[in-house]
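Here is the file query-v5.tsv (TSV, C-alpha atoms).
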chain	number	residue	atom	x	y	z
J	221	MET	CA	102.42	100.33	58.62
J	222	MET	CA	102.84	97.32	60.85
J	223	THR	CA	99.87	96.45	62.95
J	224	GLY	CA	100.86	92.99	64.05
J	225	ARG	CA	98.85	90.40	65.84
J	226	HIS	CA	96.34	91.72	68.27
J	227	THR	CA	94.79	89.72	71.06
J	228	MET	CA	92.08	90.78	73.46
J	229	GLU	CA	90.86	89.33	76.66
J	230	GLN	CA	88.66	90.20	79.55
J	231	HIS	CA	90.89	89.68	82.54
J	232	ARG	CA	89.67	86.60	84.42
J	233	HIS	CA	92.24	86.00	87.10
J	234	THR	CA	91.07	86.76	90.62
J	235	VAL	CA	93.20	89.00	92.81
J	236	GLU	CA	92.67	88.70	96.56
J	237	GLY	CA	89.55	86.66	95.87
J	238	THR	CA	87.73	88.87	93.36
J	239	ASP	CA	87.81	89.30	89.59
J	240	PRO	CA	88.77	92.92	88.92
J	241	GLY	CA	86.97	92.87	85.52
J	242	LEU	CA	89.70	94.89	83.85
J	243	PHE	CA	89.92	94.97	80.05
J	244	VAL	CA	93.38	93.88	78.97
J	245	GLU	CA	94.91	93.76	75.48
J	246	VAL	CA	98.28	92.48	74.34
J	247	HIS	CA	99.54	94.12	71.14
J	248	GLU	CA	102.15	92.04	69.35
J	249	PRO	CA	104.77	93.65	67.07
J	250	ALA	CA	105.18	92.42	63.47
J	251	THR	CA	108.88	91.89	64.19
J	252	ASP	CA	109.80	91.26	67.80
J	253	ALA	CA	112.95	93.05	68.96
J	254	GLY	CA	113.36	90.44	71.71
J	255	LEU	CA	112.98	92.99	74.47
J	256	ARG	CA	110.75	92.76	77.57
J	257	PRO	CA	107.07	93.78	77.26
J	258	VAL	CA	105.91	97.36	77.86
J	259	LEU	CA	102.95	98.03	80.18
J	260	LEU	CA	100.98	101.23	79.49
J	261	ILE	CA	98.93	102.91	82.27
J	262	HIS	CA	96.49	105.63	81.15
J	263	GLY	CA	95.33	108.76	82.97
J	264	PHE	CA	92.22	109.73	84.94
J	265	SER	CA	89.01	109.80	82.90
J	266	SER	CA	90.85	108.51	79.82
J	267	SER	CA	91.19	104.99	78.41
J	268	THR	CA	93.58	102.77	76.48
J	269	LYS	CA	91.92	103.92	73.27
J	270	LEU	CA	92.17	107.66	73.94
J	271	ASN	CA	95.49	107.71	75.75
J	272	TRP	CA	97.48	105.15	73.75
J	273	VAL	CA	95.70	103.99	70.56
J	274	ASP	CA	94.37	107.23	69.01
J	275	SER	CA	97.52	109.11	70.05
J	276	GLY	CA	99.71	106.71	68.04
J	277	TRP	CA	101.66	105.12	70.93
J	278	ILE	CA	100.74	101.51	70.21
J	279	THR	CA	101.90	101.64	66.59
J	280	THR	CA	105.05	103.54	67.56
J	281	LEU	CA	106.01	100.87	70.10
J	282	GLN	CA	105.02	98.01	67.77
J	283	ASP	CA	107.13	99.53	64.99
J	284	ALA	CA	110.02	99.54	67.48
J	285	GLY	CA	109.49	95.78	67.91
J	286	ARG	CA	107.92	96.03	71.35
J	287	ARG	CA	105.17	93.84	72.74
J	288	VAL	CA	102.65	96.12	74.48
J	289	ILE	CA	100.26	95.37	77.35
J	290	THR	CA	97.34	97.78	77.84
J	291	VAL	CA	94.67	97.85	80.51
J	292	ASP	CA	91.63	100.06	81.08
J	293	LEU	CA	91.57	101.20	84.72
J	294	PRO	CA	88.47	100.30	86.79
J	295	GLY	CA	85.44	102.30	85.65
J	296	HIS	CA	87.28	103.40	82.48
J	297	GLY	CA	87.03	102.33	78.84
J	298	ARG	CA	85.84	98.73	78.55
J	299	SER	CA	86.59	97.68	82.12
J	300	HIS	CA	83.89	96.99	84.70
J	301	SER	CA	82.72	99.62	87.19
J	302	PRO	CA	82.67	97.71	90.49
J	303	GLU	CA	80.47	99.04	93.29
J	304	ASP	CA	82.94	98.43	96.13
J	305	LEU	CA	85.37	101.20	96.91
J	306	ASP	CA	88.25	98.76	97.46
J	307	SER	CA	88.45	97.97	93.72
J	308	TYR	CA	89.54	101.57	93.08
J	309	THR	CA	92.32	101.91	95.66
J	310	PRO	CA	95.77	102.53	94.15
J	311	SER	CA	97.20	99.56	96.10
J	312	ARG	CA	94.53	97.22	94.71
J	313	ILE	CA	95.06	98.57	91.19
J	314	ARG	CA	98.81	97.95	91.53
J	315	ALA	CA	98.13	94.37	92.60
J	316	ASP	CA	95.87	93.93	89.57
J	317	LEU	CA	98.55	95.36	87.28
J	318	LEU	CA	101.11	92.91	88.65
J	319	GLN	CA	98.78	89.98	87.98
J	320	ILE	CA	98.03	91.28	84.47
J	321	ALA	CA	101.71	91.73	83.59
J	322	THR	CA	102.51	88.25	84.91
J	323	ASP	CA	99.61	86.69	82.99
J	324	ALA	CA	100.85	88.46	79.85
J	325	GLY	CA	104.22	86.77	80.21
J	326	ALA	CA	106.41	89.30	82.04
J	327	ARG	CA	109.08	87.48	84.06
J	328	PRO	CA	111.38	88.74	86.84
J	329	LEU	CA	114.51	90.56	85.67
J	330	ARG	CA	117.56	88.38	85.09
J	331	ASP	CA	120.97	89.88	84.33
J	332	GLY	CA	121.99	89.59	80.71
J	333	ASP	CA	118.54	88.59	79.42
J	334	PRO	CA	116.81	91.57	77.74
J	335	SER	CA	113.56	89.65	77.38
J	336	THR	CA	113.08	89.54	81.15
J	337	GLY	CA	111.44	92.21	83.27
J	338	LEU	CA	108.88	94.82	82.33
J	339	ASP	CA	109.08	98.40	81.07
J	340	VAL	CA	106.30	100.75	82.18
J	341	ILE	CA	104.93	103.95	80.65
J	342	GLY	CA	102.41	105.98	82.63
J	343	TYR	CA	100.56	109.18	81.93
J	344	SER	CA	99.21	111.60	84.57
J	345	LEU	CA	97.39	109.37	87.14
J	346	GLY	CA	99.07	106.48	85.32
J	347	SER	CA	102.45	108.07	86.12
J	348	ARG	CA	101.63	108.05	89.83
J	349	LEU	CA	100.69	104.37	89.59
J	350	ALA	CA	103.82	103.59	87.54
J	351	TRP	CA	106.04	105.36	90.10
J	352	GLU	CA	104.60	103.27	92.93
J	353	PHE	CA	104.57	100.09	90.83
J	354	GLY	CA	108.26	100.56	90.04
J	355	ALA	CA	109.06	101.25	93.69
J	356	THR	CA	107.24	98.14	94.92
J	357	GLN	CA	108.28	95.74	92.12
J	358	PRO	CA	112.07	96.25	91.79
J	359	ASP	CA	112.60	92.63	90.71
J	360	LEU	CA	110.27	93.06	87.76
J	361	VAL	CA	110.42	96.67	86.54
J	362	HIS	CA	113.38	97.49	84.28
J	363	ARG	CA	112.77	101.12	83.23
J	364	ILE	CA	109.95	103.64	83.65
J	365	VAL	CA	108.71	106.56	81.52
J	366	LEU	CA	106.38	109.05	83.22
J	367	GLY	CA	104.32	111.54	81.17
J	368	GLY	CA	102.79	114.65	82.76
J	369	PRO	CA	103.98	113.56	86.22
J	370	SER	CA	103.36	115.55	89.38
J	371	SER	CA	104.65	115.22	92.93
J	372	ALA	CA	101.30	116.64	94.09
J	373	ASP	CA	98.04	114.73	93.93
J	374	PRO	CA	95.21	116.75	92.34
J	375	LEU	CA	92.80	113.83	92.77
J	376	ALA	CA	93.47	113.57	96.51
J	377	ALA	CA	92.84	117.33	96.78
J	378	PHE	CA	89.52	116.98	94.91
J	379	ASP	CA	86.58	118.53	96.83
J	380	LEU	CA	84.22	115.53	96.78
J	381	ALA	CA	81.51	117.21	98.89
J	382	ALA	CA	81.40	120.23	96.58
J	383	ALA	CA	81.23	117.94	93.53
J	384	GLN	CA	78.35	115.96	95.01
J	385	ARG	CA	76.46	119.18	95.89
J	386	HIS	CA	77.04	120.40	92.34
J	387	LEU	CA	75.71	117.16	90.86
J	388	ALA	CA	72.66	117.24	93.18
J	389	ASP	CA	71.51	120.84	92.80
J	390	GLY	CA	73.92	122.73	90.57
J	391	THR	CA	75.74	124.63	93.36
J	392	PRO	CA	78.87	126.08	91.70
J	393	ILE	CA	82.21	124.46	92.65
J	394	GLU	CA	84.64	127.01	94.10
J	395	ASP	CA	87.87	125.07	93.65
J	396	ALA	CA	89.00	125.39	90.01
J	397	SER	CA	90.94	122.11	90.01
J	398	THR	CA	87.89	120.21	91.35
J	399	ALA	CA	85.61	121.84	88.76
J	400	GLY	CA	88.04	121.01	85.95
J	401	LEU	CA	88.45	117.38	86.99
J	402	LEU	CA	84.68	116.88	87.34
J	403	LYS	CA	84.15	118.36	83.88
J	404	MET	CA	86.75	115.91	82.55
J	405	ALA	CA	85.00	113.01	84.29
J	406	GLN	CA	81.63	113.99	82.79
J	407	MET	CA	82.96	114.45	79.27
J	408	LEU	CA	83.25	110.84	78.15
J	409	PRO	CA	80.08	108.78	77.87
J	410	SER	CA	82.19	105.60	78.07
J	411	ASN	CA	83.32	106.52	81.58
J	412	ASN	CA	80.96	105.88	84.47
J	413	LEU	CA	80.66	108.98	86.69
J	414	PHE	CA	79.93	106.93	89.81
J	415	ALA	CA	83.14	104.99	89.15
J	416	MET	CA	85.14	108.20	88.57
J	417	LEU	CA	83.99	109.54	91.95
J	418	SER	CA	84.69	106.17	93.61
J	419	LEU	CA	88.22	106.28	92.21
J	420	ILE	CA	88.70	109.80	93.60
J	421	GLU	CA	87.36	108.73	97.01
J	422	ALA	CA	89.69	105.71	97.03
J	423	ILE	CA	92.67	107.89	96.08
J	424	LYS	CA	91.84	110.29	98.92
J	425	GLY	CA	92.33	107.30	101.23
J	426	GLU	CA	95.74	106.55	99.64
J	427	PRO	CA	97.11	109.89	98.41
J	428	PHE	CA	100.33	109.98	96.39
J	429	ASP	CA	103.43	110.34	98.53
J	430	PRO	CA	106.37	110.04	96.11
J	431	ALA	CA	108.97	110.10	98.89
J	432	GLU	CA	107.37	107.20	100.76
J	433	ALA	CA	108.26	104.70	98.05
J	434	ALA	CA	110.42	105.80	95.13
J	435	PRO	CA	111.67	103.65	92.27
J	436	HIS	CA	115.40	102.88	92.03
J	437	THR	CA	115.13	101.95	88.37
J	438	PRO	CA	116.11	104.36	85.56
J	439	LEU	CA	113.39	106.97	85.03
J	440	LEU	CA	112.50	109.27	82.15
J	441	LEU	CA	110.19	112.15	83.14
J	442	VAL	CA	108.44	114.01	80.30
J	443	ALA	CA	106.10	117.01	80.43
J	444	GLY	CA	104.82	119.77	78.19
J	445	GLU	CA	106.35	123.18	78.76
J	446	LYS	CA	102.83	124.55	79.49
J	447	ASP	CA	101.79	121.67	81.78
J	448	GLU	CA	100.85	123.33	85.09
J	449	ARG	CA	100.15	120.01	86.79
J	450	ALA	CA	103.68	118.85	86.00
J	451	ALA	CA	105.38	121.99	87.34
J	452	THR	CA	106.55	119.82	90.24
J	453	MET	CA	108.35	117.36	87.93
J	454	PRO	CA	111.81	118.52	89.16
J	455	GLU	CA	110.82	117.46	92.71
J	456	LEU	CA	110.10	113.94	91.48
J	457	ALA	CA	113.44	113.90	89.65
J	458	SER	CA	115.17	115.00	92.84
J	459	ILE	CA	113.46	112.35	95.00
J	460	ALA	CA	114.35	109.55	92.57
J	461	GLY	CA	117.86	110.92	92.09
J	462	LYS	CA	118.51	110.76	95.85
J	463	ARG	CA	117.62	107.05	95.78
J	464	GLY	CA	120.50	106.56	93.41
J	465	GLY	CA	118.47	105.85	90.30
J	466	MET	CA	119.35	107.34	86.92
J	467	VAL	CA	116.88	110.13	86.10
J	468	GLU	CA	116.39	111.95	82.81
J	469	THR	CA	113.89	114.74	82.21
J	470	LEU	CA	112.50	116.11	78.96
J	471	VAL	CA	110.35	119.22	78.50
J	472	ILE	CA	108.39	119.44	75.24
J	473	PRO	CA	108.14	123.05	73.97
J	474	GLY	CA	104.66	124.50	73.52
J	475	ARG	CA	102.77	121.46	74.80
J	476	THR	CA	100.19	121.25	77.62
J	477	HIS	CA	99.21	118.46	80.02
J	478	THR	CA	96.63	117.21	77.51
J	479	ASN	CA	98.38	117.53	74.18
J	480	VAL	CA	101.91	116.40	75.07
J	481	ILE	CA	100.68	112.84	74.58
J	482	THR	CA	100.83	112.87	70.76
J	483	SER	CA	104.26	114.53	70.66
J	484	ARG	CA	106.78	112.80	68.40
J	485	ALA	CA	109.65	113.97	70.61
J	486	PHE	CA	107.97	112.29	73.62
J	487	LYS	CA	107.46	109.00	71.76
J	488	GLU	CA	110.93	108.93	70.27
J	489	ALA	CA	112.55	109.67	73.64
J	490	ALA	CA	110.52	106.88	75.28
J	491	VAL	CA	111.35	104.32	72.59
J	492	GLN	CA	115.03	105.15	72.84
J	493	PHE	CA	115.06	105.19	76.66
J	494	LEU	CA	113.35	101.79	76.83
J	495	GLY	CA	115.25	100.25	73.93
J	496	VAL	CA	118.17	98.95	75.98
Y	809	MET	CA	97.90	113.12	37.51
Y	810	ALA	CA	94.80	113.93	39.53
Y	811	GLU	CA	94.32	115.63	42.85
Y	812	ILE	CA	92.18	114.30	45.68
Y	813	SER	CA	91.20	116.53	48.60
Y	814	PHE	CA	90.23	115.18	52.02
Y	815	PRO	CA	88.31	117.24	54.58
Y	816	LEU	CA	88.66	116.96	58.36
Y	817	PRO	CA	86.57	113.85	59.11
Y	818	ASP	CA	83.85	113.46	61.73
Y	819	LEU	CA	85.84	112.66	64.89
Y	820	GLY	CA	82.80	111.34	66.76
Y	821	GLU	CA	81.64	112.27	70.28
Y	822	GLY	CA	79.85	115.34	68.85
Y	823	LEU	CA	83.12	117.12	68.07
Y	824	ILE	CA	82.79	119.83	65.40
Y	825	GLU	CA	86.37	121.09	65.17
Y	826	ALA	CA	89.99	120.32	65.93
Y	827	THR	CA	93.16	122.35	66.39
Y	828	VAL	CA	96.32	121.49	64.47
Y	829	LEU	CA	99.21	120.67	66.83
Y	830	ASP	CA	101.81	119.57	64.28
Y	831	TRP	CA	101.92	118.30	60.73
Y	832	LEU	CA	103.87	115.06	60.36
Y	833	VAL	CA	104.06	115.33	56.55
Y	834	GLU	CA	104.83	118.17	54.15
Y	835	PRO	CA	104.02	119.05	50.54
Y	836	GLY	CA	106.05	117.01	48.08
Y	837	GLN	CA	106.34	114.07	50.47
Y	838	GLN	CA	105.23	110.58	49.44
Y	839	VAL	CA	103.08	108.99	52.17
Y	840	GLU	CA	101.72	105.51	52.73
Y	841	ARG	CA	98.13	104.72	53.49
Y	842	ASN	CA	97.52	104.74	57.29
Y	843	GLN	CA	100.74	106.64	57.94
Y	844	ALA	CA	100.12	109.30	60.63
Y	845	ILE	CA	99.84	112.66	58.85
Y	846	VAL	CA	98.87	115.20	61.52
Y	847	GLU	CA	98.55	115.63	65.29
Y	848	LEU	CA	95.24	117.22	66.28
Y	849	GLU	CA	93.74	118.38	69.57
Y	850	THR	CA	90.02	118.39	70.33
Y	851	THR	CA	88.21	119.49	73.48
Y	852	LYS	CA	88.45	115.87	74.65
Y	853	SER	CA	91.89	114.59	73.69
Y	854	ALA	CA	94.88	114.75	71.39
Y	855	LEU	CA	95.14	112.29	68.51
Y	856	GLU	CA	96.99	111.38	65.34
Y	857	LEU	CA	95.11	111.10	62.07
Y	858	PRO	CA	96.13	108.26	59.71
Y	859	SER	CA	96.41	108.98	55.99
Y	860	PRO	CA	93.34	107.83	54.04
Y	861	GLN	CA	95.39	107.57	50.88
Y	862	ALA	CA	98.78	106.64	49.52
Y	863	GLY	CA	100.22	109.36	47.33
Y	864	LYS	CA	102.20	112.55	47.13
Y	865	VAL	CA	101.08	115.41	49.39
Y	866	VAL	CA	100.23	118.49	47.32
Y	867	ARG	CA	98.84	120.82	49.98
Y	868	ILE	CA	98.11	120.84	53.70
Y	869	HIS	CA	95.60	123.18	55.34
Y	870	GLY	CA	96.09	124.79	58.74
Y	871	ALA	CA	99.25	125.77	60.59
Y	872	PRO	CA	99.95	124.67	64.17
Y	873	GLY	CA	97.44	126.49	66.39
Y	874	ASP	CA	94.82	126.86	63.63
Y	875	THR	CA	91.33	125.46	64.19
Y	876	ILE	CA	89.70	123.45	61.40
Y	877	ASN	CA	85.99	122.61	61.29
Y	878	VAL	CA	84.79	119.11	60.44
Y	879	GLY	CA	84.22	119.05	56.67
Y	880	GLU	CA	86.74	121.78	55.85
Y	881	PRO	CA	89.74	120.91	53.62
Y	882	LEU	CA	92.63	119.25	55.47
Y	883	ILE	CA	94.99	117.69	52.92
Y	884	VAL	CA	95.31	117.27	49.14
Y	885	PHE	CA	97.08	114.35	47.44
Y	886	GLU	CA	98.34	113.84	43.91
Y	887	VAL	CA	97.63	110.37	42.56
Y	888	PRO	CA	97.98	108.72	39.13
Y	889	ASP	CA	94.88	109.27	36.96
Y	890	ASP	CA	94.00	105.60	36.83
Y	891	THR	CA	93.69	105.33	40.64
Y	892	ALA	CA	91.74	108.55	41.19
Y	893	GLY	CA	88.50	106.84	40.26
Y	894	ILE	CA	88.67	104.08	42.85
Y	895	VAL	CA	88.34	106.31	45.90
Y	896	GLY	CA	85.72	104.85	48.15
Y	897	THR	CA	86.36	101.26	47.13
Y	898	VAL	CA	88.13	98.75	49.32
Y	899	PRO	CA	91.87	99.09	48.74
Y	900	LYS	CA	94.21	96.19	48.11
Y	901	ASP	CA	96.34	96.80	51.16
Y	902	GLU	CA	95.32	96.08	54.72
Y	903	ALA	CA	92.10	97.70	55.88
Y	904	PRO	CA	92.49	100.45	58.48
Y	905	LYS	CA	91.83	99.33	62.03
Y	906	ARG	CA	91.06	102.80	63.28
Y	907	ARG	CA	87.52	103.96	63.77
Y	908	VAL	CA	88.20	107.45	62.43
Y	909	ARG	CA	88.33	107.48	58.65
Y	910	LEU	CA	88.51	110.21	56.10
Y	911	SER	CA	86.16	110.33	53.16
Y	912	ALA	CA	87.09	111.82	49.85
Y	913	VAL	CA	85.69	114.71	47.89
Y	914	LEU	CA	87.26	115.45	44.53
Y	915	ASP	CA	89.12	118.75	44.55
Y	916	GLU	CA	87.04	121.51	42.96
Y	917	ASP	CA	90.13	123.56	41.99
In C-alpha cells, write the structure found in this file.
Amino acid sequence: MMTGRHTMEQHRHTVEGTDPGLFVEVHEPATDAGLRPVLLIHGFSSSTKLNWVDSGWITTLQDAGRRVITVDLPGHGRSHSPEDLDSYTPSRIRADLLQIATDAGARPLRDGDPSTGLDVIGYSLGSRLAWEFGATQPDLVHRIVLGGPSSADPLAAFDLAAAQRHLADGTPIEDASTAGLLKMAQMLPSNNLFAMLSLIEAIKGEPFDPAEAAPHTPLLLVAGEKDERAATMPELASIAGKRGGMVETLVIPGRTHTNVITSRAFKEAAVQFLGV
Amino acid sequence: MAEISFPLPDLGEGLIEATVLDWLVEPGQQVERNQAIVELETTKSALELPSPQAGKVVRIHGAPGDTINVGEPLIVFEVPDDTAGIVGTVPKDEAPKRRVRLSAVLDED
C-alpha cells in the first residue's frame, strides 16, 4: 500500500486578523497524477481521522495519485476551540478554508492545465460548506463531491435552549433530531462540547440556503439508500441543475447516513468523477 | 502451511463490538499487509480495518449485518510454516501507520 509523504502543520496564517488555530495536513501521493489537490471537509462532531483516515479515503485518493488537504473544523479533532462565536460561523470557516487551500498550493483554474484549481469532497455538514465554497469560489473550485447532503439544515433547526436545559438539569429533549445531534456531540472525548454548541449557535445565525448561492461546477451527490437526512438530495440536484451545472447523483444500496462513508462504490465514484 | 487466526481488535473509545458492513476480501484471496480487508460500523463511526498479515485468506467470520465482539475470531490466514513463528515481531515491510492493530492468536483448530 502506498502511504506517501505526509506533512503536518498547525495552521498559522491569520484570517481577518486572527489565527483560526485549525489543524491542517497535506497528504502526498507516492506517484502524483498531476491533477489539482483535493480538499476534504468532514461532518459535524467528526474529525479528519474519523471521517477520512479511518474510513480509508486518504489512502484511496493517494493511490489514485491525488494530493489531499485535510482540516479539522473549529472545536473538532486537533483544532483549537476558540471562545468567540465568530470563529464558528460558516462564512468565517469558508474564508479559513480558502486560505488553507491557497497555502497548500491550490491555484486558480486555468484552461488546459489539470494541475490548477481545487477539487472538494464534503460529508454531511462538510457538504453544506463545500456547496457554499464552490458557489463562492468559482475561479478556484473545479469539481465537487457531496456525501450525505441535505437541502435542509438539521443544525439550524437544533433546539439550543432544550439542549442547555438538558445539560443543566437532565430535562428530556422533546425534538428527536436535537436529542440525536447532542448525543453525537457528547460521544467523542476529542470534541469539545462547548465548541459543538458554539458551532450550532453560529450556524443558526447563518442557516443553509442552497438556492441563495449554488455552485455552477460539476457536482456528484452521493447518499445511502437509508439516509433520512439526505432524503432531500434530489432538491439539491434540481437547484444545481437549474444553474446549468452538470449534476450526477448516486444512491448506495443498504447504507445509512453514518455508514455510507466507507462504501467502496462511493469512493470509486468520487475518484472517477474527480479524475478528469 | 500454517494457519493464523486474528480476532476483532480493541477499537478504542470503550467500544466492545462492531457490525460487519462488507468484506473486501474473500477466502482463497492473497492479500497484502495493510490492505483494507473489511468495512465495520461501530456506535461511533464506520471504518476500514487494514490486514495485519500478508497471506492467503482461509476463512472470514461474520456476514454483512452480523455483530462481532472484540476478541472474537474475525479472519484466518494461511502462511508458510517458516513465517508463522514470527508473528508479533516487527515485519520487514513498512510499519502500519494506523492506530488500530490486530494481534495474533494461533488458531486452535
Where does stretch 327-432 of chain J meet stretch 305-319 of chain J within 12 Å, residue by residue, with the nearest atom pair and distance in Å to one decimal for each, counting only C-alpha atoms, listed by chain and rising number, as a tab-separated table?
residue	atom	partner	partner_atom	distance
J:Arg327	CA	J:Leu318	CA	10.7
J:Pro328	CA	J:Leu318	CA	11.2
J:Gly337	CA	J:Leu318	CA	11.7
J:Leu338	CA	J:Leu318	CA	10.2
J:Val340	CA	J:Leu317	CA	10.7
J:Leu345	CA	J:Pro310	CA	9.9
J:Gly346	CA	J:Pro310	CA	10.2
J:Ser347	CA	J:Pro310	CA	11.8
J:Arg348	CA	J:Pro310	CA	9.1
J:Leu349	CA	J:Pro310	CA	7.0
J:Ala350	CA	J:Arg314	CA	8.5
J:Trp351	CA	J:Arg314	CA	10.5
J:Glu352	CA	J:Arg314	CA	8.0
J:Phe353	CA	J:Arg314	CA	6.2
J:Gly354	CA	J:Arg314	CA	9.9
J:Ala355	CA	J:Arg314	CA	11.0
J:Thr356	CA	J:Arg314	CA	9.1
J:Gln357	CA	J:Leu318	CA	8.5
J:Pro358	CA	J:Leu318	CA	11.9
J:Asp359	CA	J:Leu318	CA	11.7
J:Leu360	CA	J:Leu318	CA	9.2
J:Val361	CA	J:Leu318	CA	10.3
J:Leu375	CA	J:Pro310	CA	11.8
J:Ala376	CA	J:Pro310	CA	11.5
J:Phe414	CA	J:Leu305	CA	10.6
J:Ala415	CA	J:Tyr308	CA	8.3
J:Met416	CA	J:Tyr308	CA	9.1
J:Leu417	CA	J:Tyr308	CA	9.8
J:Ser418	CA	J:Leu305	CA	6.0
J:Leu419	CA	J:Tyr308	CA	5.0
J:Ile420	CA	J:Tyr308	CA	8.3
J:Glu421	CA	J:Leu305	CA	7.8
J:Ala422	CA	J:Thr309	CA	4.8
J:Ile423	CA	J:Thr309	CA	6.0
J:Lys424	CA	J:Thr309	CA	9.0
J:Gly425	CA	J:Thr309	CA	7.8
J:Glu426	CA	J:Pro310	CA	6.8
J:Pro427	CA	J:Pro310	CA	8.6
J:Phe428	CA	J:Pro310	CA	9.0
J:Asp429	CA	J:Pro310	CA	11.8
query = For chain Y, which residues have at least one atom within 6 Å of chain J, if we go by all atoms listed in the file? Write them as an MDAnalysis selection string, please.
reply = chainID Y and resid 854:856
message = Give me the residues near stretch 462-471 of chain J as a ChimeraX atom specification, where near means some atom within 10 Å (using all atoms listed in the file) and where sequence neighbours in that chain fewer than 4 positions away do not count.
response = /J:363-368,431,433-447,453-454,456-458,475,480,485-486,489,493
Please write the residues from the selection above to a file, keeping C-alpha atoms, as a compact mmCIF listing (two decimals), keeping the file's coordinate frame.
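File produced: out.txt:
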# COMPACT_ATOMS: atom_id res chain seq x y z
CA ARG J 363 112.77 101.12 83.23
CA ILE J 364 109.95 103.64 83.65
CA VAL J 365 108.71 106.56 81.52
CA LEU J 366 106.38 109.05 83.22
CA GLY J 367 104.32 111.54 81.17
CA GLY J 368 102.79 114.65 82.76
CA ALA J 431 108.97 110.10 98.89
CA ALA J 433 108.26 104.70 98.05
CA ALA J 434 110.42 105.80 95.13
CA PRO J 435 111.67 103.65 92.27
CA HIS J 436 115.40 102.88 92.03
CA THR J 437 115.13 101.95 88.37
CA PRO J 438 116.11 104.36 85.56
CA LEU J 439 113.39 106.97 85.03
CA LEU J 440 112.50 109.27 82.15
CA LEU J 441 110.19 112.15 83.14
CA VAL J 442 108.44 114.01 80.30
CA ALA J 443 106.10 117.01 80.43
CA GLY J 444 104.82 119.77 78.19
CA GLU J 445 106.35 123.18 78.76
CA LYS J 446 102.83 124.55 79.49
CA ASP J 447 101.79 121.67 81.78
CA MET J 453 108.35 117.36 87.93
CA PRO J 454 111.81 118.52 89.16
CA LEU J 456 110.10 113.94 91.48
CA ALA J 457 113.44 113.90 89.65
CA SER J 458 115.17 115.00 92.84
CA ARG J 475 102.77 121.46 74.80
CA VAL J 480 101.91 116.40 75.07
CA ALA J 485 109.65 113.97 70.61
CA PHE J 486 107.97 112.29 73.62
CA ALA J 489 112.55 109.67 73.64
CA PHE J 493 115.06 105.19 76.66
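Between atom CA of Y:Lys852 and atom CA of J:Ala451 there is a distance of 22.0 Å.
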Near stretch 282-288 of chain J, within 9 Å and counting all atoms listed in the file, which residues show up once chain neighbours fewer than 2 positions away are dropped, as a PDB file with C-alpha atoms, in the coordinates of the input?
ATOM      1  CA  MET J 221     102.420 100.330  58.620  1.00  0.00           C
ATOM      2  CA  MET J 222     102.840  97.320  60.850  1.00  0.00           C
ATOM      3  CA  THR J 223      99.870  96.450  62.950  1.00  0.00           C
ATOM      4  CA  GLY J 224     100.860  92.990  64.050  1.00  0.00           C
ATOM      5  CA  GLU J 245      94.910  93.760  75.480  1.00  0.00           C
ATOM      6  CA  VAL J 246      98.280  92.480  74.340  1.00  0.00           C
ATOM      7  CA  HIS J 247      99.540  94.120  71.140  1.00  0.00           C
ATOM      8  CA  GLU J 248     102.150  92.040  69.350  1.00  0.00           C
ATOM      9  CA  PRO J 249     104.770  93.650  67.070  1.00  0.00           C
ATOM     10  CA  ALA J 250     105.180  92.420  63.470  1.00  0.00           C
ATOM     11  CA  THR J 251     108.880  91.890  64.190  1.00  0.00           C
ATOM     12  CA  ASP J 252     109.800  91.260  67.800  1.00  0.00           C
ATOM     13  CA  ALA J 253     112.950  93.050  68.960  1.00  0.00           C
ATOM     14  CA  GLY J 254     113.360  90.440  71.710  1.00  0.00           C
ATOM     15  CA  LEU J 255     112.980  92.990  74.470  1.00  0.00           C
ATOM     16  CA  ARG J 256     110.750  92.760  77.570  1.00  0.00           C
ATOM     17  CA  PRO J 257     107.070  93.780  77.260  1.00  0.00           C
ATOM     18  CA  VAL J 258     105.910  97.360  77.860  1.00  0.00           C
ATOM     19  CA  LEU J 259     102.950  98.030  80.180  1.00  0.00           C
ATOM     20  CA  LEU J 260     100.980 101.230  79.490  1.00  0.00           C
ATOM     21  CA  TRP J 277     101.660 105.120  70.930  1.00  0.00           C
ATOM     22  CA  ILE J 278     100.740 101.510  70.210  1.00  0.00           C
ATOM     23  CA  THR J 279     101.900 101.640  66.590  1.00  0.00           C
ATOM     24  CA  THR J 280     105.050 103.540  67.560  1.00  0.00           C
ATOM     25  CA  THR J 290      97.340  97.780  77.840  1.00  0.00           C
ATOM     26  CA  VAL J 491     111.350 104.320  72.590  1.00  0.00           C
ATOM     27  CA  GLY J 495     115.250 100.250  73.930  1.00  0.00           C
TER      28      GLY J 495
END
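Picture a line from atom CA of Y:Pro888 to atom CA of Y:Gln861; it runs 12.1 Å.
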Can you tell me, as a compact mmCIF listing (two decimals) with C-alpha atoms, in the coordinates of the input, what residues are no more than 6 Å from J:Ser299 when counting all atoms listed in the file, ignoring any on the same chain fewer than 2 positions away?
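So the final result, stored in around.txt, reads:
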# COMPACT_ATOMS: atom_id res chain seq x y z
CA GLY J 241 86.97 92.87 85.52
CA LEU J 242 89.70 94.89 83.85
CA PHE J 243 89.92 94.97 80.05
CA ASP J 292 91.63 100.06 81.08
CA PRO J 294 88.47 100.30 86.79
CA GLY J 295 85.44 102.30 85.65
CA HIS J 296 87.28 103.40 82.48
CA GLY J 297 87.03 102.33 78.84
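Taking atom CA of Y:Ala810 as the reference point, atom CA of Y:Asp889 is found at 5.3 Å.
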What's the 9 Å shell around Y:Asp874, counting only C-alpha atoms, without same-chain residues fewer than 4 positions away, as a PDB file with C-alpha atoms, keeping the file's coordinate frame?
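The result, written out as around-v1.pdb:
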ATOM      1  CA  ALA Y 826      89.990 120.320  65.930  1.00  0.00           C
ATOM      2  CA  THR Y 827      93.160 122.350  66.390  1.00  0.00           C
ATOM      3  CA  VAL Y 828      96.320 121.490  64.470  1.00  0.00           C
ATOM      4  CA  LEU Y 829      99.210 120.670  66.830  1.00  0.00           C
ATOM      5  CA  GLY Y 870      96.090 124.790  58.740  1.00  0.00           C
TER       6      GLY Y 870
END
